[in-house]
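Peer 1: Supplied structure: start_6.cif, mmCIF, C-alpha atoms.
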```
data_target
loop_
_atom_site.label_atom_id
_atom_site.label_comp_id
_atom_site.auth_asym_id
_atom_site.auth_seq_id
_atom_site.Cartn_x
_atom_site.Cartn_y
_atom_site.Cartn_z
CA MET A 1 24.80 -62.92 -286.03
CA HIS A 2 27.67 -63.78 -283.71
CA HIS A 3 26.80 -60.90 -281.33
CA PHE A 4 23.10 -61.77 -281.39
CA LEU A 5 23.85 -65.38 -280.42
CA TRP A 6 26.17 -64.18 -277.63
CA TRP A 7 23.50 -61.93 -276.13
CA CYS A 8 20.92 -64.71 -276.34
CA ILE A 9 23.24 -67.01 -274.39
CA CYS A 10 23.90 -64.31 -271.77
CA PHE A 11 20.18 -63.62 -271.36
CA PHE A 12 19.48 -67.34 -270.98
CA ILE A 13 22.17 -67.69 -268.28
CA ILE A 14 20.78 -64.70 -266.36
CA PHE A 15 17.20 -65.96 -266.71
CA VAL A 16 18.10 -69.41 -265.37
CA ALA A 17 20.05 -67.93 -262.46
CA MET A 18 17.35 -65.45 -261.57
CA LYS A 19 14.85 -68.19 -260.88
CA HIS A 20 16.79 -68.84 -257.65
CA ILE A 21 15.75 -65.46 -256.22
CA ASP A 22 12.09 -65.66 -255.33
CA ASN A 23 11.58 -63.45 -252.26
CA ILE A 24 12.74 -59.84 -251.87
CA VAL A 25 11.80 -57.24 -249.26
CA LEU A 26 11.79 -53.53 -250.13
CA ALA A 27 11.82 -50.96 -247.33
CA PHE A 28 12.57 -47.35 -248.21
CA ASP A 29 12.56 -44.07 -246.40
CA SER A 30 11.70 -41.05 -248.53
CA PHE A 31 14.26 -39.37 -250.76
CA LYS A 32 13.46 -35.99 -249.23
CA GLY A 33 12.88 -33.22 -251.72
CA SER A 34 12.62 -35.73 -254.53
CA ALA A 35 10.29 -38.73 -254.14
CA SER A 36 8.22 -40.35 -251.40
CA SER A 37 8.88 -43.73 -249.81
CA ALA A 38 5.96 -45.24 -251.71
CA GLU A 39 7.16 -43.86 -255.05
CA ILE A 40 10.69 -45.18 -254.54
CA ALA A 41 9.40 -48.61 -253.54
CA GLU A 42 7.12 -48.79 -256.58
CA ALA A 43 9.96 -47.90 -258.94
CA ALA A 44 12.11 -50.63 -257.38
CA ARG A 45 9.26 -53.13 -257.60
CA GLU A 46 8.78 -52.33 -261.30
CA ALA A 47 12.45 -53.00 -261.99
CA ILE A 48 12.33 -56.34 -260.20
CA ALA A 49 9.15 -57.39 -262.02
CA VAL A 50 10.86 -57.01 -265.40
CA LEU A 51 13.69 -59.38 -264.49
CA LEU A 52 11.95 -61.60 -261.94
CA PRO A 53 8.28 -61.68 -262.88
CA HIS A 54 7.48 -64.50 -260.45
CA CYS A 55 9.43 -63.16 -257.48
CA LYS A 56 7.54 -62.33 -254.30
CA VAL A 57 8.18 -58.69 -253.44
CA SER A 58 7.10 -57.36 -250.02
CA THR A 59 7.03 -53.57 -249.89
CA PHE A 60 7.24 -51.45 -246.74
CA VAL A 61 6.94 -47.68 -246.50
CA VAL A 62 8.90 -46.65 -243.44
CA ALA A 63 9.39 -43.61 -241.24
CA ASP A 64 11.22 -42.95 -237.99
CA GLY A 65 8.73 -40.82 -236.06
CA GLY A 66 9.14 -37.76 -238.23
CA GLU A 67 7.41 -36.76 -241.44
CA GLY A 68 5.48 -39.63 -243.02
CA THR A 69 5.03 -41.68 -239.84
CA THR A 70 1.25 -41.47 -239.90
CA GLU A 71 1.19 -42.43 -243.59
CA ALA A 72 3.48 -45.39 -243.00
CA ILE A 73 1.33 -46.72 -240.16
CA VAL A 74 -2.02 -46.03 -241.79
CA ARG A 75 -0.97 -48.00 -244.89
CA GLN A 76 -0.96 -51.10 -242.68
CA LEU A 77 -4.28 -50.46 -240.94
CA SER A 78 -7.89 -49.80 -241.81
CA ALA A 79 -8.14 -46.14 -240.80
CA HIS A 80 -9.80 -42.92 -241.84
CA PRO A 81 -8.55 -39.32 -241.69
CA VAL A 82 -9.98 -36.80 -239.25
CA SER A 83 -9.57 -33.04 -239.47
CA CYS A 84 -9.82 -30.66 -236.54
CA ARG A 85 -9.27 -26.97 -235.82
CA VAL A 86 -6.15 -26.31 -233.74
CA HIS A 87 -3.53 -23.63 -233.16
CA ASP A 88 -0.18 -23.64 -234.94
CA PRO A 89 3.14 -22.95 -233.15
CA LEU A 90 2.42 -19.21 -233.17
CA MET A 91 -1.16 -19.74 -231.96
CA ARG A 92 -2.85 -19.10 -235.30
CA ALA A 93 -5.90 -21.19 -236.14
CA ILE A 94 -5.26 -23.96 -238.69
CA ASP A 95 -6.74 -27.31 -239.68
CA ALA A 96 -4.75 -30.39 -238.64
CA THR A 97 -5.34 -33.95 -239.82
CA TYR A 98 -4.74 -37.24 -238.04
CA SER A 99 -6.17 -40.76 -238.50
CA ILE A 100 -8.35 -43.10 -236.48
CA ALA A 101 -8.19 -46.85 -237.05
CA ASP A 102 -11.27 -49.05 -236.92
CA ASP A 103 -10.30 -50.25 -233.44
CA GLY A 104 -10.20 -46.67 -232.10
CA LEU A 105 -6.45 -46.19 -232.29
CA ALA A 106 -5.51 -42.56 -233.01
CA ILE A 107 -2.42 -42.07 -235.18
CA MET A 108 -1.04 -38.56 -235.33
CA GLU A 109 2.08 -36.48 -235.88
CA MET A 110 2.83 -33.52 -233.64
CA ALA A 111 4.12 -31.72 -236.75
CA ALA A 112 0.55 -31.48 -238.04
CA ALA A 113 -0.08 -28.87 -235.34
CA ALA A 114 3.37 -27.74 -234.21
CA GLY A 115 5.69 -28.53 -237.09
CA LEU A 116 8.52 -26.41 -238.44
CA THR A 117 6.96 -26.41 -241.91
CA LEU A 118 3.92 -24.54 -240.57
CA ILE A 119 5.82 -21.30 -240.06
CA ALA A 120 7.99 -19.15 -242.31
CA GLU A 121 11.73 -19.16 -241.76
CA ASN A 122 11.69 -15.57 -240.51
CA GLU A 123 9.01 -16.52 -237.94
CA ARG A 124 11.02 -19.26 -236.26
CA ASN A 125 11.41 -18.62 -232.54
CA PRO A 126 11.49 -21.54 -230.11
CA LEU A 127 11.26 -19.13 -227.19
CA VAL A 128 7.60 -18.55 -228.09
CA ALA A 129 6.59 -21.47 -230.35
CA SER A 130 4.00 -23.66 -228.62
CA THR A 131 2.80 -27.27 -228.72
CA PHE A 132 -0.70 -26.15 -227.67
CA GLY A 133 -2.20 -27.45 -230.92
CA VAL A 134 -0.90 -30.95 -230.21
CA GLY A 135 -2.98 -31.03 -227.03
CA GLU A 136 -5.97 -29.85 -229.05
CA MET A 137 -5.50 -32.75 -231.48
CA ILE A 138 -5.37 -35.20 -228.59
CA THR A 139 -8.53 -33.68 -227.12
CA ASP A 140 -10.30 -34.04 -230.46
CA ALA A 141 -9.34 -37.72 -230.60
CA LEU A 142 -10.58 -38.20 -227.04
CA ASN A 143 -13.89 -36.66 -228.12
CA HIS A 144 -14.04 -39.27 -230.90
CA GLY A 145 -13.73 -42.02 -228.31
CA CYS A 146 -10.03 -42.80 -228.79
CA ARG A 147 -8.14 -44.09 -225.76
CA ARG A 148 -5.08 -45.47 -227.55
CA PHE A 149 -2.61 -43.19 -229.29
CA ILE A 150 0.48 -43.42 -231.46
CA LEU A 151 2.13 -40.03 -231.71
CA GLY A 152 5.08 -39.27 -233.99
CA ILE A 153 7.01 -36.32 -232.64
CA GLY A 154 9.57 -35.45 -235.33
CA GLY A 155 9.77 -32.17 -237.24
CA SER A 156 8.86 -29.82 -234.41
CA ALA A 157 9.14 -26.03 -234.40
CA THR A 158 9.03 -25.98 -230.62
CA ASN A 159 11.20 -26.16 -227.52
CA ASP A 160 8.56 -25.72 -224.82
CA ALA A 161 8.93 -29.14 -223.10
CA GLY A 162 5.30 -29.86 -223.96
CA VAL A 163 4.01 -27.04 -221.74
CA GLY A 164 1.64 -25.91 -224.49
CA MET A 165 0.31 -29.40 -225.16
CA LEU A 166 -0.23 -30.12 -221.49
CA SER A 167 -1.93 -26.76 -220.95
CA ALA A 168 -4.44 -27.63 -223.67
CA LEU A 169 -5.17 -30.86 -221.76
CA GLY A 170 -5.94 -29.09 -218.48
CA PHE A 171 -2.54 -28.92 -216.77
CA SER A 172 -1.91 -25.49 -215.26
CA PHE A 173 1.69 -24.33 -215.01
CA ARG A 174 2.61 -21.67 -212.48
CA ASP A 175 5.37 -19.09 -212.23
CA ILE A 176 7.29 -18.11 -209.10
CA ASN A 177 4.36 -15.92 -207.97
CA GLY A 178 1.83 -18.73 -208.39
CA HIS A 179 0.33 -17.19 -211.54
CA PRO A 180 -0.60 -19.33 -214.57
CA THR A 181 2.01 -19.25 -217.35
CA PHE A 182 2.51 -20.79 -220.77
CA ARG A 183 6.21 -19.85 -220.95
CA LEU A 184 8.65 -22.65 -220.24
CA ALA A 185 11.19 -20.17 -218.87
CA ASP A 186 8.74 -19.10 -216.12
CA VAL A 187 7.49 -22.53 -215.04
CA VAL A 188 8.27 -23.58 -211.47
CA ASP A 189 5.25 -25.76 -210.64
CA VAL A 190 2.18 -27.48 -212.09
CA VAL A 191 -1.41 -27.87 -210.89
CA THR A 192 -3.36 -30.92 -212.10
CA ASP A 193 -6.85 -30.26 -210.68
CA ASP A 194 -8.44 -29.63 -214.09
CA VAL A 195 -6.65 -32.28 -216.17
CA ASP A 196 -8.89 -34.13 -218.63
CA SER A 197 -9.90 -37.27 -216.70
CA ARG A 198 -10.02 -39.33 -219.90
CA LEU A 199 -6.23 -39.19 -220.10
CA ALA A 200 -5.97 -41.55 -217.14
CA GLN A 201 -7.83 -44.15 -219.21
CA SER A 202 -5.59 -43.65 -222.26
CA ASP A 203 -2.37 -45.28 -223.46
CA PHE A 204 0.25 -43.39 -225.45
CA VAL A 205 3.08 -44.75 -227.58
CA VAL A 206 5.45 -42.05 -228.76
CA ALA A 207 7.45 -42.63 -231.94
CA CYS A 208 10.72 -40.73 -231.49
CA ASP A 209 13.03 -39.94 -234.37
CA VAL A 210 15.89 -39.04 -231.99
CA LEU A 211 17.01 -40.34 -228.59
CA ASN A 212 18.51 -37.15 -227.17
CA PRO A 213 18.36 -36.44 -223.42
CA PHE A 214 16.26 -33.61 -222.05
CA TYR A 215 18.99 -30.99 -221.54
CA GLY A 216 22.76 -30.50 -221.74
CA SER A 217 25.18 -30.54 -224.66
CA ASP A 218 23.26 -33.39 -226.35
CA GLY A 219 19.85 -32.16 -225.23
CA ALA A 220 16.86 -30.64 -226.95
CA ALA A 221 17.97 -27.01 -226.90
CA CYS A 222 21.68 -27.32 -227.63
CA VAL A 223 21.28 -29.72 -230.56
CA TYR A 224 18.02 -28.72 -232.22
CA ALA A 225 16.95 -25.23 -231.13
CA PRO A 226 19.34 -23.49 -233.58
CA GLN A 227 17.51 -25.22 -236.45
CA LYS A 228 14.29 -23.72 -235.09
CA GLY A 229 15.55 -20.16 -235.05
CA ALA A 230 17.35 -19.91 -231.71
CA SER A 231 20.39 -17.68 -231.32
CA PRO A 232 23.33 -18.83 -229.16
CA ALA A 233 21.94 -16.72 -226.30
CA ASP A 234 18.49 -18.27 -226.81
CA VAL A 235 19.99 -21.75 -226.59
CA VAL A 236 21.50 -20.95 -223.20
CA LYS A 237 18.12 -19.68 -221.93
CA LEU A 238 16.22 -22.68 -223.30
CA ASP A 239 18.66 -25.21 -221.88
CA ALA A 240 18.46 -23.56 -218.46
CA ALA A 241 14.66 -23.63 -218.64
CA LEU A 242 14.70 -27.32 -219.53
CA ARG A 243 16.95 -28.04 -216.53
CA ARG A 244 14.53 -26.23 -214.20
CA PHE A 245 11.55 -28.01 -215.72
CA ALA A 246 13.27 -31.39 -215.27
CA GLY A 247 13.83 -30.52 -211.61
CA MET A 248 10.13 -29.73 -211.22
CA VAL A 249 9.21 -33.02 -212.89
CA SER A 250 11.55 -34.90 -210.55
CA ARG A 251 9.88 -33.33 -207.51
CA ARG A 252 6.30 -33.77 -208.72
CA CYS A 253 6.50 -37.07 -210.64
CA GLY A 254 9.60 -38.80 -209.31
CA ILE A 255 10.99 -39.17 -212.84
CA ASP A 256 14.53 -38.26 -213.92
CA LEU A 257 13.96 -37.07 -217.48
CA GLN A 258 17.68 -36.85 -218.16
CA LYS A 259 17.96 -40.63 -217.87
CA LEU A 260 15.10 -41.25 -220.31
CA PRO A 261 16.28 -41.73 -223.94
CA GLY A 262 14.13 -39.62 -226.26
CA SER A 263 12.99 -37.22 -223.57
CA GLY A 264 14.60 -34.38 -225.51
CA ALA A 265 12.78 -35.22 -228.74
CA ALA A 266 10.63 -32.41 -230.17
CA GLY A 267 12.03 -29.81 -227.80
CA GLY A 268 11.31 -31.87 -224.69
CA LEU A 269 7.85 -33.00 -225.77
CA GLY A 270 8.96 -36.62 -225.42
CA GLY A 271 9.78 -36.07 -221.77
CA ALA A 272 6.49 -34.31 -221.08
CA LEU A 273 4.49 -37.13 -222.62
CA ALA A 274 6.35 -39.72 -220.56
CA ALA A 275 6.19 -37.82 -217.27
CA PHE A 276 2.63 -36.53 -217.35
CA LEU A 277 0.76 -38.93 -219.66
CA GLY A 278 2.66 -42.12 -218.88
CA ALA A 279 3.68 -42.48 -222.51
CA GLU A 280 6.08 -45.16 -223.70
CA LEU A 281 8.90 -43.63 -225.75
CA LYS A 282 10.03 -45.91 -228.57
CA ARG A 283 12.20 -45.55 -231.62
CA GLY A 284 9.88 -44.50 -234.39
CA ILE A 285 11.20 -47.02 -236.88
CA ASN A 286 10.46 -49.87 -234.46
CA VAL A 287 6.88 -48.66 -233.99
CA VAL A 288 6.32 -48.61 -237.75
CA LEU A 289 8.01 -51.95 -238.47
CA ASP A 290 6.19 -53.77 -235.67
CA ILE A 291 2.79 -52.62 -236.90
CA ALA A 292 3.69 -53.53 -240.49
CA GLY A 293 4.73 -57.10 -239.64
CA PHE A 294 8.20 -56.48 -241.04
CA ASP A 295 9.89 -59.35 -239.18
CA ASP A 296 7.45 -61.87 -240.62
CA ALA A 297 8.30 -60.76 -244.15
CA LEU A 298 12.04 -60.91 -243.44
CA ALA A 299 11.84 -64.48 -242.16
CA SER A 300 11.64 -65.93 -245.68
CA ALA A 301 13.39 -63.18 -247.66
CA GLN A 302 16.65 -63.72 -249.55
CA VAL A 303 17.62 -60.06 -249.72
CA LEU A 304 16.46 -56.69 -248.41
CA ILE A 305 16.81 -53.59 -250.57
CA THR A 306 16.51 -50.33 -248.68
CA GLY A 307 17.50 -46.70 -249.11
CA GLU A 308 17.02 -43.01 -248.45
CA GLY A 309 18.03 -39.72 -250.02
CA ARG A 310 21.44 -39.57 -248.37
CA ILE A 311 23.36 -42.21 -246.46
CA ASP A 312 25.59 -40.44 -243.93
CA ASP A 313 26.49 -40.39 -240.25
CA GLN A 314 22.83 -39.78 -239.33
CA THR A 315 21.96 -43.13 -240.93
CA ALA A 316 24.19 -44.89 -238.44
CA MET A 317 22.63 -43.13 -235.43
CA GLY A 318 19.44 -45.15 -235.12
CA LYS A 319 17.38 -43.46 -237.82
CA ALA A 320 15.06 -45.44 -240.09
CA LEU A 321 17.62 -47.37 -242.10
CA GLY A 322 19.62 -48.23 -239.00
CA GLY A 323 16.58 -49.93 -237.49
CA ILE A 324 15.82 -51.78 -240.72
CA VAL A 325 19.37 -53.08 -241.10
CA ALA A 326 19.54 -54.26 -237.48
CA ARG A 327 16.47 -56.43 -237.94
CA ALA A 328 17.67 -57.88 -241.25
CA HIS A 329 21.12 -58.76 -239.97
CA LYS A 330 19.61 -60.34 -236.85
CA VAL A 331 18.03 -63.01 -239.06
CA GLY A 332 20.89 -63.20 -241.55
CA VAL A 333 19.27 -61.41 -244.48
CA PRO A 334 21.78 -59.45 -246.61
CA VAL A 335 21.04 -55.75 -247.10
CA VAL A 336 21.70 -53.64 -250.18
CA ALA A 337 21.13 -49.90 -249.81
CA ILE A 338 20.67 -47.25 -252.48
CA ALA A 339 20.72 -43.49 -252.07
CA GLY A 340 21.17 -40.25 -253.93
CA SER A 341 24.57 -39.95 -252.27
CA VAL A 342 26.56 -42.30 -250.06
CA ASP A 343 29.11 -41.38 -247.41
CA HIS A 344 31.31 -44.43 -247.58
CA SER A 345 32.55 -43.89 -244.04
CA VAL A 346 29.26 -45.43 -242.91
CA SER A 347 28.53 -47.67 -245.89
CA ALA A 348 29.84 -50.68 -243.94
CA LEU A 349 26.50 -50.62 -242.12
CA PHE A 350 25.18 -52.46 -245.20
CA ASP A 351 26.36 -55.44 -247.21
CA ALA A 352 26.48 -53.04 -250.15
CA ALA A 353 25.62 -49.35 -250.55
CA LEU A 354 25.22 -47.80 -253.98
CA SER A 355 24.53 -44.32 -255.27
CA ILE A 356 21.79 -44.13 -257.88
CA GLN A 357 23.61 -41.30 -259.70
CA ASN A 358 25.23 -42.66 -262.84
CA HIS A 359 27.00 -39.48 -263.97
CA PRO A 360 27.74 -35.97 -262.69
CA MET A 361 24.71 -33.67 -262.73
CA ALA A 362 23.40 -30.52 -261.12
CA LEU A 363 21.60 -30.99 -257.81
CA SER A 364 18.39 -29.61 -259.33
CA ASP A 365 18.51 -32.41 -261.91
CA ALA A 366 19.54 -35.09 -259.41
CA ILE A 367 16.53 -34.45 -257.15
CA ASN A 368 14.05 -34.21 -260.02
CA LYS A 369 11.43 -36.86 -259.30
CA THR A 370 11.40 -38.32 -262.80
CA VAL A 371 15.19 -38.57 -262.87
CA THR A 372 15.31 -40.06 -259.39
CA LEU A 373 12.73 -42.76 -260.09
CA GLN A 374 14.42 -43.76 -263.35
CA ASN A 375 17.78 -43.95 -261.58
CA VAL A 376 16.19 -46.14 -258.91
CA ARG A 377 14.86 -48.51 -261.58
CA THR A 378 18.24 -48.69 -263.28
CA THR A 379 20.17 -49.26 -260.06
CA VAL A 380 17.79 -51.92 -258.76
CA SER A 381 17.99 -53.71 -262.11
CA GLN A 382 21.77 -53.78 -261.79
CA ILE A 383 21.50 -55.12 -258.24
CA ILE A 384 19.18 -57.94 -259.33
CA ARG A 385 21.46 -58.92 -262.21
CA LEU A 386 24.47 -58.97 -259.89
CA LEU A 387 22.69 -61.01 -257.22
CA SER A 388 21.59 -63.48 -259.88
CA ILE A 389 25.09 -64.44 -260.99
CA PRO A 390 25.48 -68.17 -260.19
#
```
Render the structure in this file as structure tokens.
Peer 2:
Amino acid sequence: MHHFLWWCICFFIIFVAMKHIDNIVLAFDSFKGSASSAEIAEAAREAIAVLLPHCKVSTFVVADGGEGTTEAIVRQLSAHPVSCRVHDPLMRAIDATYSIADDGLAIMEMAAAAGLTLIAENERNPLVASTFGVGEMITDALNHGCRRFILGIGGSATNDAGVGMLSALGFSFRDINGHPTFRLADVVDVVTDDVDSRLAQSDFVVACDVLNPFYGSDGAACVYAPQKGASPADVVKLDAALRRFAGMVSRRCGIDLQKLPGSGAAGGLGGALAAFLGAELKRGINVVLDIAGFDDALASAQVLITGEGRIDDQTAMGKALGGIVARAHKVGVPVVAIAGSVDHSVSALFDAALSIQNHPMALSDAINKTVTLQNVRTTVSQIIRLLSIP
């Protein structure tokens, strides 16, 4: 009886305190290999609803320009999917899907046509992989009447500086003998006589998941080409080709790609879009949050709960959570982050950062979706109880 009375008193104290929390924002990236952004957010919302049934909970699915960017944007808009026939990075015919909003805005990811997941690991070769299919997707959207584009460019299999994409749009690249070429390594000039005229009437916003320069030690080839199958010798060749291409762009367009943050994204595709299509390169997370009205929700929130699969040094380098935290701290909203694992060398980015793992377990168990979602519920419940202490 004594213990029962004690627990009743404790529950009453928590209940009274919890009434002071009435507005929470949830904004999660995916826990890759385990659960999607939407699934994580729903599990967190369920946990909050049990303890704070009258609390306003605003949920945001986020992405940084890579996988899931189209989904995150489309969730905020009235849009419908469109499928078209394009070529994959190795020029095999595939079907790619993008979305068109009611106002004619096309939302697409380059990875739908030129992504690393489209080819087997033993097929990876950035010396030959092409962005041609991305240009075909853009052409299809132009045919549907679109003149405004948001293009996420994360997850690429390519390092062709957008030569393939631009070729599909009517740009003709020439080698040293004046012959047409699709190989970045051979490009010395470009002819624009047959470029699709509708592009001049179109606006492009590019959602970049990285801000790397075009070439050099931090550039597209040196940093990312090895992940796409490049050998050390290949990296040297690709970086040299990017340097030559940047020189050609400087002569023809008057643009120094090396000074443009994000120009090295997607193997130089970011730079090509900026130089030849007049695209605006923006951090992907900012594109998503602006469309979603994230700042409006933050204005009246008492706490933001965010998270991703792993919090590490990449988190602090402008990826999705970095952009979320910057906006929250700008308006004085405290941020609690959860993750499968937390590198505490960067945990100071948040007001608190917690691992959802409550005991040692095999990785295969830790990334199991059911286990992950239950651990999210448990951890968020603990956060709410802690925040509710008077």
Peer 1: Return the single residue from A:Ala266, A:Val206, A:Leu169, A:Asn368 that is closest to Ala111 of chain A, with distances computed using all atoms listed in the file.
Peer 2: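 Ranking A:Ala266, A:Val206, A:Leu169, A:Asn368 by distance to Ala111 of chain A, first place goes to A:Ala266.
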Peer 1: Using all atoms listed in the file, collect all residues at a distance of at most 12 Å from (23.3, -34.4, -216.2) as written in the file, then present them as a PDB file with C-alpha atoms, in the frame of the given file.
Peer 2:
```
ATOM      1  CA  PRO A 213      18.360 -36.440-223.420  1.00  0.00           C
ATOM      2  CA  PHE A 214      16.260 -33.610-222.050  1.00  0.00           C
ATOM      3  CA  TYR A 215      18.990 -30.990-221.540  1.00  0.00           C
ATOM      4  CA  GLY A 216      22.760 -30.500-221.740  1.00  0.00           C
ATOM      5  CA  SER A 217      25.180 -30.540-224.660  1.00  0.00           C
ATOM      6  CA  ASP A 218      23.260 -33.390-226.350  1.00  0.00           C
ATOM      7  CA  GLY A 219      19.850 -32.160-225.230  1.00  0.00           C
ATOM      8  CA  ASP A 239      18.660 -25.210-221.880  1.00  0.00           C
ATOM      9  CA  LEU A 242      14.700 -27.320-219.530  1.00  0.00           C
ATOM     10  CA  ARG A 243      16.950 -28.040-216.530  1.00  0.00           C
ATOM     11  CA  ALA A 246      13.270 -31.390-215.270  1.00  0.00           C
ATOM     12  CA  GLY A 247      13.830 -30.520-211.610  1.00  0.00           C
ATOM     13  CA  ASP A 256      14.530 -38.260-213.920  1.00  0.00           C
ATOM     14  CA  LEU A 257      13.960 -37.070-217.480  1.00  0.00           C
ATOM     15  CA  GLN A 258      17.680 -36.850-218.160  1.00  0.00           C
ATOM     16  CA  LYS A 259      17.960 -40.630-217.870  1.00  0.00           C
ATOM     17  CA  LEU A 260      15.100 -41.250-220.310  1.00  0.00           C
TER      18      LEU A 260
END
```
Peer 1: Need the shell around Met137 of chain A: protein/DNA/RNA residues with any atom at most 10 Å away, counting only C-alpha atoms. Skip same-chain ones fewer than 5 positions apart. Format as an MDAnalysis selection string?
Peer 2: chainID A and resid 82:87 95:98 106 108:110 112:113 132 142:143 165 168:169
Peer 1: Which of these, A:Arg252, A:Lys32, A:His344, A:His20, has the shortest distance to Ile367 of chain A once you count only C-alpha atoms?
Peer 2: A:Lys32
Peer 1: Go ahead and compute the interatomic distance for atom CA of Val128 of chain A and atom CA of Phe182 of chain A, in Å to one decimal.
Peer 2: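 Interatomic distance here is 9.2 Å.
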Peer 1: Go through the shown structure with the PyMOL selection byres ((chain A and resi 277-293) around 6) and write out the matching residues as a list in words.
Peer 2: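 Checked against the file, the PyMOL selection byres ((chain A and resi 277-293) around 6) matches Ala63, Asp64, Gly65, Ile73, Gln76, Phe204, Val205, Val206, Ala207, Cys208, Asp209, Leu273, Ala274, Ala275, Phe276, Phe294, Asp295, Asp296 and Ala320 of chain A.
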Peer 1: Between A:Val333, A:Ala129, A:Ile138, A:Leu51, single out the one closest to Val25 of chain A, counting all atoms listed in the file.
Peer 2: A:Val333
Peer 1: When you look at Arg377 of chain A with a cut-off of 6 Å (counting all atoms listed in the file), what residues show up, excluding the ones that are within fewer than 6 positions of it in the same chain? I need them as a VMD selection string.
Peer 2: chain A and resid 43 to 44 47
Peer 1: Give me the residues within 10 Å of Leu373 of chain A as a VMD selection string, counting only C-alpha atoms and dropping any in the same chain fewer than 2 places off.
Peer 2: chain A and resid 34 to 35 39 to 44 356 367 to 371 375 to 379
Peer 1: Run the PyMOL selection byres ((chain A and resi 324) around 10) on the file and write out the hits as a list in words.
Peer 2: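 Residues picked by the PyMOL selection byres ((chain A and resi 324) around 10): Ala27, Phe28, Val62, Ile285, Asn286, Leu289, Phe294, Asp295, Leu304, Thr306, Gly307, Gly318, Lys319, Ala320, Leu321, Gly322, Gly323, Val325, Ala326, Arg327, Ala328, His329 and Val335 of chain A.
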Peer 1: Hey, can you spit out that residue selection with C-alpha atoms as a short mmCIF file (atom, residue, chain, number, x, y, z; two decimals), in the frame of the given file?
Peer 2:
```
data_model
loop_
_atom_site.label_atom_id
_atom_site.label_comp_id
_atom_site.auth_asym_id
_atom_site.auth_seq_id
_atom_site.Cartn_x
_atom_site.Cartn_y
_atom_site.Cartn_z
CA ALA A 27 11.82 -50.96 -247.33
CA PHE A 28 12.57 -47.35 -248.21
CA VAL A 62 8.90 -46.65 -243.44
CA ILE A 285 11.20 -47.02 -236.88
CA ASN A 286 10.46 -49.87 -234.46
CA LEU A 289 8.01 -51.95 -238.47
CA PHE A 294 8.20 -56.48 -241.04
CA ASP A 295 9.89 -59.35 -239.18
CA LEU A 304 16.46 -56.69 -248.41
CA THR A 306 16.51 -50.33 -248.68
CA GLY A 307 17.50 -46.70 -249.11
CA GLY A 318 19.44 -45.15 -235.12
CA LYS A 319 17.38 -43.46 -237.82
CA ALA A 320 15.06 -45.44 -240.09
CA LEU A 321 17.62 -47.37 -242.10
CA GLY A 322 19.62 -48.23 -239.00
CA GLY A 323 16.58 -49.93 -237.49
CA VAL A 325 19.37 -53.08 -241.10
CA ALA A 326 19.54 -54.26 -237.48
CA ARG A 327 16.47 -56.43 -237.94
CA ALA A 328 17.67 -57.88 -241.25
CA HIS A 329 21.12 -58.76 -239.97
CA VAL A 335 21.04 -55.75 -247.10
#
```
Peer 1: Applying the PyMOL selection byres ((chain A and resi 172) around 10) to the file I just gave you, which residues come out? Please list them as number ranges by chain.
Peer 2: A: 163-164, 166-171, 173-174, 179-182, 187, 189-195
Peer 1: Would you compute the box with edges along x, y and z of the file around segment 358-361 of chain A, including every atom the file lists for it and 8 Å extra on each side, and give its centre and edge lengths in Å to one decimal, as JSON?
Peer 2:
```
{"center_x": 26.2, "center_y": -38.2, "center_z": -263.3, "size_x": 19.0, "size_y": 25.0, "size_z": 17.3}
```
Peer 1: List the spatial neighbours of Lys237 of chain A as a list in words - criterion: any atom at most 12 Å away, all atoms listed in the file, same-chain residues fewer than 5 positions off excluded.
Peer 2: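 Once the adjacent positions are removed, what remains is Pro126, Leu127, Asn159, Asp160, Arg183, Leu184, Ala185, Asp186, Tyr215, Gly216, Ala221, Cys222, Ala225, Ala230, Ser231, Pro232, Leu242, Arg243 and Arg244 of chain A.
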Peer 1: For C-alpha atoms, I'd like the residues from the last selection saved as an mmCIF file, in the coordinates of the input.
Peer 2:
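Saved as again_31.cif:
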```cif
data_model
loop_
_atom_site.group_PDB
_atom_site.id
_atom_site.type_symbol
_atom_site.label_atom_id
_atom_site.label_comp_id
_atom_site.auth_asym_id
_atom_site.auth_seq_id
_atom_site.Cartn_x
_atom_site.Cartn_y
_atom_site.Cartn_z
ATOM 1 C CA PRO A 126 11.490 -21.540 -230.110
ATOM 2 C CA LEU A 127 11.260 -19.130 -227.190
ATOM 3 C CA ASN A 159 11.200 -26.160 -227.520
ATOM 4 C CA ASP A 160 8.560 -25.720 -224.820
ATOM 5 C CA ARG A 183 6.210 -19.850 -220.950
ATOM 6 C CA LEU A 184 8.650 -22.650 -220.240
ATOM 7 C CA ALA A 185 11.190 -20.170 -218.870
ATOM 8 C CA ASP A 186 8.740 -19.100 -216.120
ATOM 9 C CA TYR A 215 18.990 -30.990 -221.540
ATOM 10 C CA GLY A 216 22.760 -30.500 -221.740
ATOM 11 C CA ALA A 221 17.970 -27.010 -226.900
ATOM 12 C CA CYS A 222 21.680 -27.320 -227.630
ATOM 13 C CA ALA A 225 16.950 -25.230 -231.130
ATOM 14 C CA ALA A 230 17.350 -19.910 -231.710
ATOM 15 C CA SER A 231 20.390 -17.680 -231.320
ATOM 16 C CA PRO A 232 23.330 -18.830 -229.160
ATOM 17 C CA LEU A 242 14.700 -27.320 -219.530
ATOM 18 C CA ARG A 243 16.950 -28.040 -216.530
ATOM 19 C CA ARG A 244 14.530 -26.230 -214.200
#
```
Peer 1: Mind giving me the straight-line distance from atom CA of Asp312 of chain A to atom CA of Ala38 of chain A in Å, one decimal?
Peer 2: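 Separation of atom CA of Asp312 of chain A and atom CA of Ala38 of chain A: 21.7 Å.
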